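These notes are about the structure you will find just below.
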Amino acid sequence: MERTKIVDLLRRTDFGAAVTVKGWVRTRRDSKAVHFIALNDGSTIRNIQIVADAEKFDESLLKLITTGACLSVEGTLVESQGAGQASEIQATSIDVLGTCAPDYPMQKKGQSFEFMRQHGHMRLRTNTFGAVMRIRHHMAMAIHTYFHEHGYFYFHTPLITASDAEGAGQMFQVTTKDLANLRPGEDGKIDYSDDFFGKQTSLTVSGQLEGELGATALGAIYTFGPTFRAENSNTPRHLAEFWMIEPEVAFIDLNDLMDIEEDFIKYCVNWALEHCQDDLEFLNKMIDKTLLARLQSVVGTEFIRLDYTEGIRILEEAVAAGQKFEFPVSWGMDLASEHERYLVEQHFKRPVIMSGYPKEIKAFYMKLNPDGKTVQGTDVLFPQIGEIIGGSVREESYEKLMEQIEERHIPMKDMWWYLDTRRFGTCPHGGFGLGFERLMLFVTGMQNIRDVIPFPRTPKSAEF
Ligand code: 4AD
Ligand code: MG
């Protein structure tokens, strides 16, 4: 008989129907006459209760039905007498597809996330990780749907690149050179002309530069793909391999950009509320009791738009009034997470879009303001997360962009193709990058970025 997914089965009320379900045993409870098996197939956070009469099944079969074992169950869909579920299956036959060895790591409830990371290959079978991964899927669908509906084209930028888009030098090299046999030239440098690509290449830190080529041809594009950063930051918000969404749009200004950022992120959060109800309720109960309220509040409030200079003034006032920060506050500094969170969580109590940063702390491609000191860069700052989006209006003037490139000693030979956008029909444009896992942190209420991606990559850790 054809298998029914548990998510579909739980919606059915045609009691008396013969059904087949397949899944993994979450728990088993025994009384003298009956065995109750909670089965989960990953299609929903909810389990289906299997009722197996002791007299109908062999002791030798029942012995194999342990937590983690995989079963195929045929039976009758019946209205449940017990509390906690509307329906259950009265089993007529049980087939053990896979027994579960006694050292199955996910047996006990309430294991720590640290323990689960160490057994990351099996943690997907837990309630929490099932919920997180289903939400992750729905968030990806939200993102594609948003951009598709708003006329953006999904644009694929390369993962292997010869340029450092952010100019931050945090790249993983890609090479086929024999590392045991590297011979530096007389100048001490490695000659890459005989390497696979004939030049030094790395994994991309951002698809933005190629995205700008797309936007200045197609009008509006977005990327959604893996991004790599060799920053040695062992924090709950950084991954060495993360997924980034980078829309890039022609003919927009700073206000348009901030409008898109706010509209897009609200759309995604609202999508979660509409499509992930069961999983969010589970996380709200088990992980973070303020989660649902926080999600609803973000959808319903206008974000604060705050100039960097004004933000520094607020922080300085807070310090004068006794607020303690680890890092001192002064105009020109890059905000630390503690400063961002103070503004968002304590001062404004809602998301903040900050703009007008000093040019020295931002990337070379951001549009310079008439003051010559600040740029039209924006960061969207979120409660609990800090920076969730970074974006900017791009410098469209060839001359001004060249000045920035020279000031920062960025090697020109790598940049000619990017500069050509400013030589051949340049136009005002801008875009931003959303860290997918930062969005996932916010939407799930999980505390550590390693727990919102199936297989995290962080310093000294590339298991599974
Ligand atoms: O602020 P970032 O570095 O901006 C860019 O890469 C631009 N090229 C984006 C653009 O304008 N098209 O990164 C963008 C976002 C951050 O706000 C953060 O959410 C996320 O990417 N991010 C990370 N997420 C997880 N782990 C890391 N190591 C991250 N680094 C950045
Ligand atoms: Mg940033």
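Each chain in the structure tokens gets a letter, A, B and so on, in the order shown; residues start at 1 in every chain, and ligands are counted from 1 in the order they appear.
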- Task: Name all residues at most 9 Å from Glu396 in chain A (count only C-alpha atoms; drop same-chain ones fewer than 3 positions away) and give them as an MDAnalysis selection string.
- Result: chainID A and resid 365:367 393 399:401 421:422 426:429
Print the selection's residues with all heavy atoms to a file, as a tab-separated table (two decimals), in the first residue's frame.
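Here's the written file selection-v5.tsv:
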chain	number	residue	atom	x	y	z
A	365	TYR	N	33.56	50.15	-2.66
A	365	TYR	CA	32.55	50.39	-3.71
A	365	TYR	C	31.37	51.25	-3.26
A	365	TYR	O	30.47	51.52	-4.02
A	365	TYR	CB	32.03	49.04	-4.22
A	365	TYR	CG	31.60	48.09	-3.11
A	365	TYR	CD1	30.48	48.37	-2.34
A	365	TYR	CD2	32.33	46.94	-2.83
A	365	TYR	CE1	30.10	47.52	-1.31
A	365	TYR	CE2	31.95	46.08	-1.81
A	365	TYR	CZ	30.83	46.38	-1.05
A	365	TYR	OH	30.46	45.55	-0.03
A	366	MET	N	31.36	51.68	-1.99
A	366	MET	CA	30.20	52.42	-1.50
A	366	MET	C	30.22	53.88	-1.95
A	366	MET	O	31.27	54.52	-1.98
A	366	MET	CB	30.13	52.35	0.02
A	366	MET	CG	29.89	50.92	0.50
A	366	MET	SD	29.49	50.87	2.24
A	366	MET	CE	29.36	49.07	2.47
A	367	LYS	N	29.05	54.41	-2.27
A	367	LYS	CA	28.95	55.78	-2.79
A	367	LYS	C	29.31	56.80	-1.72
A	367	LYS	O	28.79	56.76	-0.61
A	367	LYS	CB	27.53	56.04	-3.29
A	367	LYS	CG	27.35	57.38	-3.98
A	367	LYS	CD	25.91	57.53	-4.46
A	367	LYS	CE	25.62	58.92	-5.01
A	367	LYS	NZ	26.20	59.12	-6.35
A	393	VAL	N	24.42	51.93	-1.50
A	393	VAL	CA	24.37	52.47	-2.84
A	393	VAL	C	25.80	52.38	-3.35
A	393	VAL	O	26.75	52.58	-2.59
A	393	VAL	CB	23.88	53.94	-2.82
A	393	VAL	CG1	23.93	54.54	-4.22
A	393	VAL	CG2	22.49	54.00	-2.22
A	399	GLU	N	35.55	58.08	-11.84
A	399	GLU	CA	36.67	58.80	-11.22
A	399	GLU	C	36.69	58.59	-9.70
A	399	GLU	O	37.73	58.31	-9.11
A	399	GLU	CB	36.60	60.31	-11.53
A	399	GLU	CG	36.94	60.67	-12.97
A	399	GLU	CD	35.84	60.29	-13.96
A	399	GLU	OE1	34.65	60.22	-13.54
A	399	GLU	OE2	36.15	60.02	-15.13
A	400	LYS	N	35.52	58.75	-9.08
A	400	LYS	CA	35.49	58.62	-7.62
A	400	LYS	C	35.80	57.19	-7.18
A	400	LYS	O	36.44	56.96	-6.17
A	400	LYS	CB	34.12	59.04	-7.10
A	400	LYS	CG	33.90	60.53	-7.16
A	400	LYS	CD	32.61	60.90	-6.44
A	400	LYS	CE	32.23	62.33	-6.71
A	400	LYS	NZ	30.80	62.56	-6.53
A	401	LEU	N	35.33	56.24	-7.96
A	401	LEU	CA	35.60	54.84	-7.62
A	401	LEU	C	37.10	54.55	-7.73
A	401	LEU	O	37.70	53.91	-6.86
A	401	LEU	CB	34.81	53.91	-8.55
A	401	LEU	CG	34.85	52.42	-8.23
A	401	LEU	CD1	34.31	52.15	-6.84
A	401	LEU	CD2	34.03	51.63	-9.26
A	421	THR	N	31.84	48.66	-15.86
A	421	THR	CA	30.42	49.02	-15.67
A	421	THR	C	30.28	50.53	-15.54
A	421	THR	O	29.25	51.09	-15.88
A	421	THR	CB	29.84	48.41	-14.38
A	421	THR	OG1	30.67	48.76	-13.27
A	421	THR	CG2	29.73	46.90	-14.48
A	422	ARG	N	31.33	51.19	-15.01
A	422	ARG	CA	31.29	52.64	-14.81
A	422	ARG	C	31.73	53.39	-16.07
A	422	ARG	O	31.53	54.60	-16.17
A	422	ARG	CB	32.21	53.04	-13.66
A	422	ARG	CG	31.60	52.93	-12.26
A	422	ARG	CD	31.10	51.56	-11.88
A	422	ARG	NE	30.78	51.49	-10.45
A	422	ARG	CZ	30.29	50.42	-9.85
A	422	ARG	NH1	30.03	49.31	-10.54
A	422	ARG	NH2	30.03	50.44	-8.56
A	426	THR	N	27.25	53.86	-17.18
A	426	THR	CA	27.09	53.69	-15.73
A	426	THR	C	25.72	54.20	-15.28
A	426	THR	O	25.08	55.00	-15.96
A	426	THR	CB	28.22	54.43	-14.97
A	426	THR	OG1	28.19	54.02	-13.59
A	426	THR	CG2	28.04	55.94	-15.04
A	427	CYS	N	25.27	53.73	-14.15
A	427	CYS	CA	23.95	54.15	-13.64
A	427	CYS	C	23.93	54.05	-12.13
A	427	CYS	O	24.68	53.28	-11.54
A	427	CYS	CB	22.85	53.27	-14.23
A	427	CYS	SG	22.80	51.61	-13.56
A	428	PRO	N	23.06	54.84	-11.50
A	428	PRO	CA	22.90	54.70	-10.06
A	428	PRO	C	22.38	53.31	-9.75
A	428	PRO	O	21.48	52.82	-10.45
A	428	PRO	CB	21.86	55.75	-9.67
A	428	PRO	CG	21.43	56.42	-10.92
A	428	PRO	CD	22.14	55.82	-12.08
A	429	HIS	N	22.94	52.66	-8.74
A	429	HIS	CA	22.43	51.34	-8.37
A	429	HIS	C	22.90	50.99	-6.97
A	429	HIS	O	23.78	51.65	-6.41
A	429	HIS	CB	22.85	50.27	-9.38
A	429	HIS	CG	24.34	50.03	-9.46
A	429	HIS	ND1	25.22	50.92	-10.04
A	429	HIS	CD2	25.10	49.00	-9.03
A	429	HIS	CE1	26.45	50.45	-9.97
A	429	HIS	NE2	26.42	49.28	-9.35
Distance query Leu283 in chain A at most 9 Å, only C-alpha atoms, self and fewer than 3 positions along chain excluded, as a PDB file with all heavy atoms, in the first residue's frame:
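Full text of part_25.pdb as output:
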ATOM      1  N   THR A 128      14.150  19.421  17.512  1.00  0.00           N
ATOM      2  CA  THR A 128      14.643  20.787  17.289  1.00  0.00           C
ATOM      3  C   THR A 128      15.244  20.934  15.901  1.00  0.00           C
ATOM      4  O   THR A 128      14.928  21.879  15.172  1.00  0.00           O
ATOM      5  CB  THR A 128      15.695  21.163  18.351  1.00  0.00           C
ATOM      6  OG1 THR A 128      15.071  21.052  19.642  1.00  0.00           O
ATOM      7  CG2 THR A 128      16.196  22.573  18.156  1.00  0.00           C
ATOM      8  N   ALA A 131      12.680  20.812  13.135  1.00  0.00           N
ATOM      9  CA  ALA A 131      11.965  22.092  13.040  1.00  0.00           C
ATOM     10  C   ALA A 131      12.829  23.134  12.337  1.00  0.00           C
ATOM     11  O   ALA A 131      12.382  23.818  11.413  1.00  0.00           O
ATOM     12  CB  ALA A 131      11.570  22.575  14.434  1.00  0.00           C
ATOM     13  N   VAL A 132      14.086  23.252  12.758  1.00  0.00           N
ATOM     14  CA  VAL A 132      14.973  24.265  12.179  1.00  0.00           C
ATOM     15  C   VAL A 132      15.165  24.023  10.673  1.00  0.00           C
ATOM     16  O   VAL A 132      15.112  24.952   9.867  1.00  0.00           O
ATOM     17  CB  VAL A 132      16.334  24.275  12.912  1.00  0.00           C
ATOM     18  CG1 VAL A 132      17.360  25.107  12.148  1.00  0.00           C
ATOM     19  CG2 VAL A 132      16.161  24.806  14.333  1.00  0.00           C
ATOM     20  N   ASP A 278       3.559  25.180  13.212  1.00  0.00           N
ATOM     21  CA  ASP A 278       3.837  24.082  14.155  1.00  0.00           C
ATOM     22  C   ASP A 278       5.265  24.143  14.673  1.00  0.00           C
ATOM     23  O   ASP A 278       5.522  23.989  15.867  1.00  0.00           O
ATOM     24  CB  ASP A 278       3.677  22.720  13.453  1.00  0.00           C
ATOM     25  CG  ASP A 278       2.214  22.362  13.259  1.00  0.00           C
ATOM     26  OD1 ASP A 278       1.343  23.125  13.738  1.00  0.00           O
ATOM     27  OD2 ASP A 278       1.956  21.319  12.635  1.00  0.00           O
ATOM     28  N   ASP A 279       6.195  24.330  13.750  1.00  0.00           N
ATOM     29  CA  ASP A 279       7.603  24.327  14.140  1.00  0.00           C
ATOM     30  C   ASP A 279       7.930  25.540  15.012  1.00  0.00           C
ATOM     31  O   ASP A 279       8.692  25.439  15.973  1.00  0.00           O
ATOM     32  CB  ASP A 279       8.498  24.290  12.897  1.00  0.00           C
ATOM     33  CG  ASP A 279       8.461  22.907  12.230  1.00  0.00           C
ATOM     34  OD1 ASP A 279       8.388  21.895  12.967  1.00  0.00           O
ATOM     35  OD2 ASP A 279       8.491  22.830  10.992  1.00  0.00           O
ATOM     36  N   LEU A 280       7.364  26.698  14.671  1.00  0.00           N
ATOM     37  CA  LEU A 280       7.610  27.893  15.495  1.00  0.00           C
ATOM     38  C   LEU A 280       7.007  27.738  16.880  1.00  0.00           C
ATOM     39  O   LEU A 280       7.608  28.152  17.877  1.00  0.00           O
ATOM     40  CB  LEU A 280       7.046  29.145  14.809  1.00  0.00           C
ATOM     41  CG  LEU A 280       7.815  29.640  13.579  1.00  0.00           C
ATOM     42  CD1 LEU A 280       7.141  30.869  12.989  1.00  0.00           C
ATOM     43  CD2 LEU A 280       9.262  29.955  13.925  1.00  0.00           C
ATOM     44  N   MET A 286      10.026  25.373  23.513  1.00  0.00           N
ATOM     45  CA  MET A 286      11.211  24.666  23.988  1.00  0.00           C
ATOM     46  C   MET A 286      12.479  25.519  24.036  1.00  0.00           C
ATOM     47  O   MET A 286      13.379  25.259  24.820  1.00  0.00           O
ATOM     48  CB  MET A 286      11.503  23.450  23.096  1.00  0.00           C
ATOM     49  CG  MET A 286      10.354  22.486  22.940  1.00  0.00           C
ATOM     50  SD  MET A 286       9.770  21.820  24.504  1.00  0.00           S
ATOM     51  CE  MET A 286      11.158  20.769  24.943  1.00  0.00           C
ATOM     52  N   ILE A 287      12.594  26.488  23.136  1.00  0.00           N
ATOM     53  CA  ILE A 287      13.873  27.198  22.979  1.00  0.00           C
ATOM     54  C   ILE A 287      13.799  28.623  23.508  1.00  0.00           C
ATOM     55  O   ILE A 287      14.700  29.090  24.195  1.00  0.00           O
ATOM     56  CB  ILE A 287      14.306  27.241  21.488  1.00  0.00           C
ATOM     57  CG1 ILE A 287      14.391  25.827  20.910  1.00  0.00           C
ATOM     58  CG2 ILE A 287      15.609  27.995  21.294  1.00  0.00           C
ATOM     59  CD1 ILE A 287      15.540  25.002  21.431  1.00  0.00           C
ATOM     60  N   ASP A 288      12.737  29.339  23.145  1.00  0.00           N
ATOM     61  CA  ASP A 288      12.699  30.761  23.435  1.00  0.00           C
ATOM     62  C   ASP A 288      11.238  31.214  23.531  1.00  0.00           C
ATOM     63  O   ASP A 288      10.557  31.356  22.526  1.00  0.00           O
ATOM     64  CB  ASP A 288      13.432  31.517  22.311  1.00  0.00           C
ATOM     65  CG  ASP A 288      13.398  33.018  22.509  1.00  0.00           C
ATOM     66  OD1 ASP A 288      12.685  33.508  23.399  1.00  0.00           O
ATOM     67  OD2 ASP A 288      14.108  33.711  21.748  1.00  0.00           O
ATOM     68  N   LYS A 289      10.804  31.479  24.753  1.00  0.00           N
ATOM     69  CA  LYS A 289       9.378  31.760  24.985  1.00  0.00           C
ATOM     70  C   LYS A 289       8.925  33.108  24.419  1.00  0.00           C
ATOM     71  O   LYS A 289       7.734  33.396  24.384  1.00  0.00           O
ATOM     72  CB  LYS A 289       9.085  31.697  26.489  1.00  0.00           C
ATOM     73  CG  LYS A 289       9.421  30.342  27.103  1.00  0.00           C
ATOM     74  CD  LYS A 289       8.295  29.800  27.895  1.00  0.00           C
ATOM     75  CE  LYS A 289       8.375  28.322  28.259  1.00  0.00           C
ATOM     76  NZ  LYS A 289       9.533  27.529  27.907  1.00  0.00           N
ATOM     77  N   LEU A 291       9.846  34.076  21.338  1.00  0.00           N
ATOM     78  CA  LEU A 291      10.096  34.026  19.890  1.00  0.00           C
ATOM     79  C   LEU A 291       8.915  34.549  19.073  1.00  0.00           C
ATOM     80  O   LEU A 291       9.067  35.460  18.254  1.00  0.00           O
ATOM     81  CB  LEU A 291      10.437  32.585  19.475  1.00  0.00           C
ATOM     82  CG  LEU A 291      10.597  32.358  17.974  1.00  0.00           C
ATOM     83  CD1 LEU A 291      11.768  33.144  17.416  1.00  0.00           C
ATOM     84  CD2 LEU A 291      10.785  30.875  17.663  1.00  0.00           C
ATOM     85  N   LEU A 292       7.752  33.975  19.256  1.00  0.00           N
ATOM     86  CA  LEU A 292       6.608  34.356  18.419  1.00  0.00           C
ATOM     87  C   LEU A 292       6.283  35.837  18.580  1.00  0.00           C
ATOM     88  O   LEU A 292       6.037  36.535  17.590  1.00  0.00           O
ATOM     89  CB  LEU A 292       5.394  33.489  18.762  1.00  0.00           C
ATOM     90  CG  LEU A 292       5.438  32.079  18.164  1.00  0.00           C
ATOM     91  CD1 LEU A 292       4.328  31.206  18.752  1.00  0.00           C
ATOM     92  CD2 LEU A 292       5.328  32.123  16.653  1.00  0.00           C
ATOM     93  N   THR A 444      14.275  31.436  14.222  1.00  0.00           N
ATOM     94  CA  THR A 444      14.120  30.236  15.052  1.00  0.00           C
ATOM     95  C   THR A 444      14.342  30.500  16.541  1.00  0.00           C
ATOM     96  O   THR A 444      13.948  29.680  17.361  1.00  0.00           O
ATOM     97  CB  THR A 444      15.133  29.146  14.644  1.00  0.00           C
ATOM     98  OG1 THR A 444      16.453  29.671  14.812  1.00  0.00           O
ATOM     99  CG2 THR A 444      14.921  28.705  13.211  1.00  0.00           C
ATOM    100  N   GLY A 445      15.011  31.611  16.874  1.00  0.00           N
ATOM    101  CA  GLY A 445      15.339  31.854  18.275  1.00  0.00           C
ATOM    102  C   GLY A 445      16.518  31.017  18.757  1.00  0.00           C
ATOM    103  O   GLY A 445      16.851  31.046  19.951  1.00  0.00           O
ATOM    104  N   MET A 446      17.161  30.286  17.833  1.00  0.00           N
ATOM    105  CA  MET A 446      18.343  29.517  18.229  1.00  0.00           C
ATOM    106  C   MET A 446      19.464  30.498  18.565  1.00  0.00           C
ATOM    107  O   MET A 446      19.507  31.618  18.063  1.00  0.00           O
ATOM    108  CB  MET A 446      18.779  28.586  17.094  1.00  0.00           C
ATOM    109  CG  MET A 446      17.724  27.549  16.707  1.00  0.00           C
ATOM    110  SD  MET A 446      17.433  26.305  17.965  1.00  0.00           S
ATOM    111  CE  MET A 446      18.916  25.312  17.799  1.00  0.00           C
TER     112      MET A 446
END
- Message: Measuring between only C-alpha atoms, which one of A:Ser202, A:Thr161, A:Gln208, A:Thr92 shows the shortest distance to Gly391 in chain A?
- Response: A:Gln208
- Message: At a cut-off of 8 Å around ligand 1, and using only C-alpha atoms and all ligand atoms, what residues come up? Please write them as a count of residues only.
- Response: 44
- Out of A:Ser31, A:Ser355, A:Asn270, A:Asn448, which residue has the shortest atom-to-atom distance to ligand 2 when counting only C-alpha atoms and all ligand atoms?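 Checking each candidate against ligand 2, we get A:Ser355 as the closest.
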Would you pick out the contacts of Pro158 in chain A at 9 Å or less, using only C-alpha atoms, so that residues sharing its chain but fewer than 6 positions from it are not included, and give the list as a PDB file with C-alpha atoms, in the first residue's frame?
ATOM      1  CA  LEU A 203      36.456  30.919  -2.868  1.00  0.00           C
ATOM      2  CA  THR A 204      34.176  33.924  -3.099  1.00  0.00           C
ATOM      3  CA  GLY A 207      28.829  37.627  -5.364  1.00  0.00           C
ATOM      4  CA  GLU A 210      29.423  40.039 -10.557  1.00  0.00           C
TER       5      GLU A 210
END
- Nearest to ligand 2: which of A:Lys362, A:Arg294, A:Arg457, A:Arg394 is it, counting only C-alpha atoms and all ligand atoms?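 Among the listed residues, A:Lys362 lies closest to ligand 2.
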- Task: as a ChimeraX atom specification, list the residues of range 325-453 of chain A assigned to strand (DSSP E or B) by DSSP on the backbone atoms of this structure.
- Result: /A:352-358,366,368,374-382,386-394,429-435
Write out as a JSON list (two decimals) with N, CA, C and O atoms, in the first residue's frame the residues lying within 12 Å of Lys109 in chain A, counting only C-alpha atoms and excluding same-chain residues fewer than 4 positions away.
[["chain", "number", "residue", "atom", "x", "y", "z"],
["A", 26, "ARG", "N", 10.37, 7.57, 17.79],
["A", 26, "ARG", "CA", 10.84, 8.62, 18.72],
["A", 26, "ARG", "C", 10.81, 8.09, 20.15],
["A", 26, "ARG", "O", 11.77, 8.25, 20.89],
["A", 27, "THR", "N", 9.69, 7.51, 20.53],
["A", 27, "THR", "CA", 9.60, 6.94, 21.88],
["A", 27, "THR", "C", 8.69, 5.73, 21.82],
["A", 27, "THR", "O", 7.92, 5.55, 20.87],
["A", 67, "THR", "N", 13.94, 3.18, 20.28],
["A", 67, "THR", "CA", 14.13, 4.57, 19.82],
["A", 67, "THR", "C", 15.16, 4.61, 18.69],
["A", 67, "THR", "O", 16.25, 4.06, 18.83],
["A", 105, "PRO", "N", 23.11, 7.96, 19.34],
["A", 105, "PRO", "CA", 23.40, 9.10, 20.23],
["A", 105, "PRO", "C", 22.19, 9.98, 20.56],
["A", 105, "PRO", "O", 22.25, 10.73, 21.52],
["A", 113, "PHE", "N", 23.11, 21.22, 23.07],
["A", 113, "PHE", "CA", 23.41, 21.49, 21.66],
["A", 113, "PHE", "C", 24.86, 21.16, 21.35],
["A", 113, "PHE", "O", 25.18, 20.73, 20.25],
["A", 115, "PHE", "N", 26.61, 18.72, 22.66],
["A", 115, "PHE", "CA", 26.63, 17.26, 22.44],
["A", 115, "PHE", "C", 26.08, 16.93, 21.05],
["A", 115, "PHE", "O", 26.65, 16.11, 20.32],
["A", 116, "MET", "N", 25.01, 17.60, 20.69],
["A", 116, "MET", "CA", 24.40, 17.30, 19.39],
["A", 116, "MET", "C", 25.31, 17.70, 18.22],
["A", 116, "MET", "O", 25.32, 17.06, 17.20],
["A", 123, "ARG", "N", 21.93, 14.53, 14.47],
["A", 123, "ARG", "CA", 21.09, 15.50, 15.18],
["A", 123, "ARG", "C", 19.88, 15.92, 14.36],
["A", 123, "ARG", "O", 18.90, 16.41, 14.91],
["A", 125, "ARG", "N", 17.74, 14.20, 13.24],
["A", 125, "ARG", "CA", 16.58, 13.37, 13.61],
["A", 125, "ARG", "C", 15.87, 13.84, 14.87],
["A", 125, "ARG", "O", 14.92, 13.22, 15.31],
["A", 126, "THR", "N", 16.40, 14.92, 15.49],
["A", 126, "THR", "CA", 15.75, 15.40, 16.72],
["A", 126, "THR", "C", 14.64, 16.38, 16.37],
["A", 126, "THR", "O", 14.59, 16.94, 15.28],
["A", 127, "ASN", "N", 13.76, 16.61, 17.32],
["A", 127, "ASN", "CA", 12.66, 17.56, 17.11],
["A", 127, "ASN", "C", 13.18, 18.94, 16.75],
["A", 127, "ASN", "O", 12.71, 19.56, 15.80],
["A", 128, "THR", "N", 14.15, 19.42, 17.51],
["A", 128, "THR", "CA", 14.64, 20.79, 17.29],
["A", 128, "THR", "C", 15.24, 20.93, 15.90],
["A", 128, "THR", "O", 14.93, 21.88, 15.17],
["A", 286, "MET", "N", 10.03, 25.37, 23.51],
["A", 286, "MET", "CA", 11.21, 24.67, 23.99],
["A", 286, "MET", "C", 12.48, 25.52, 24.04],
["A", 286, "MET", "O", 13.38, 25.26, 24.82]]
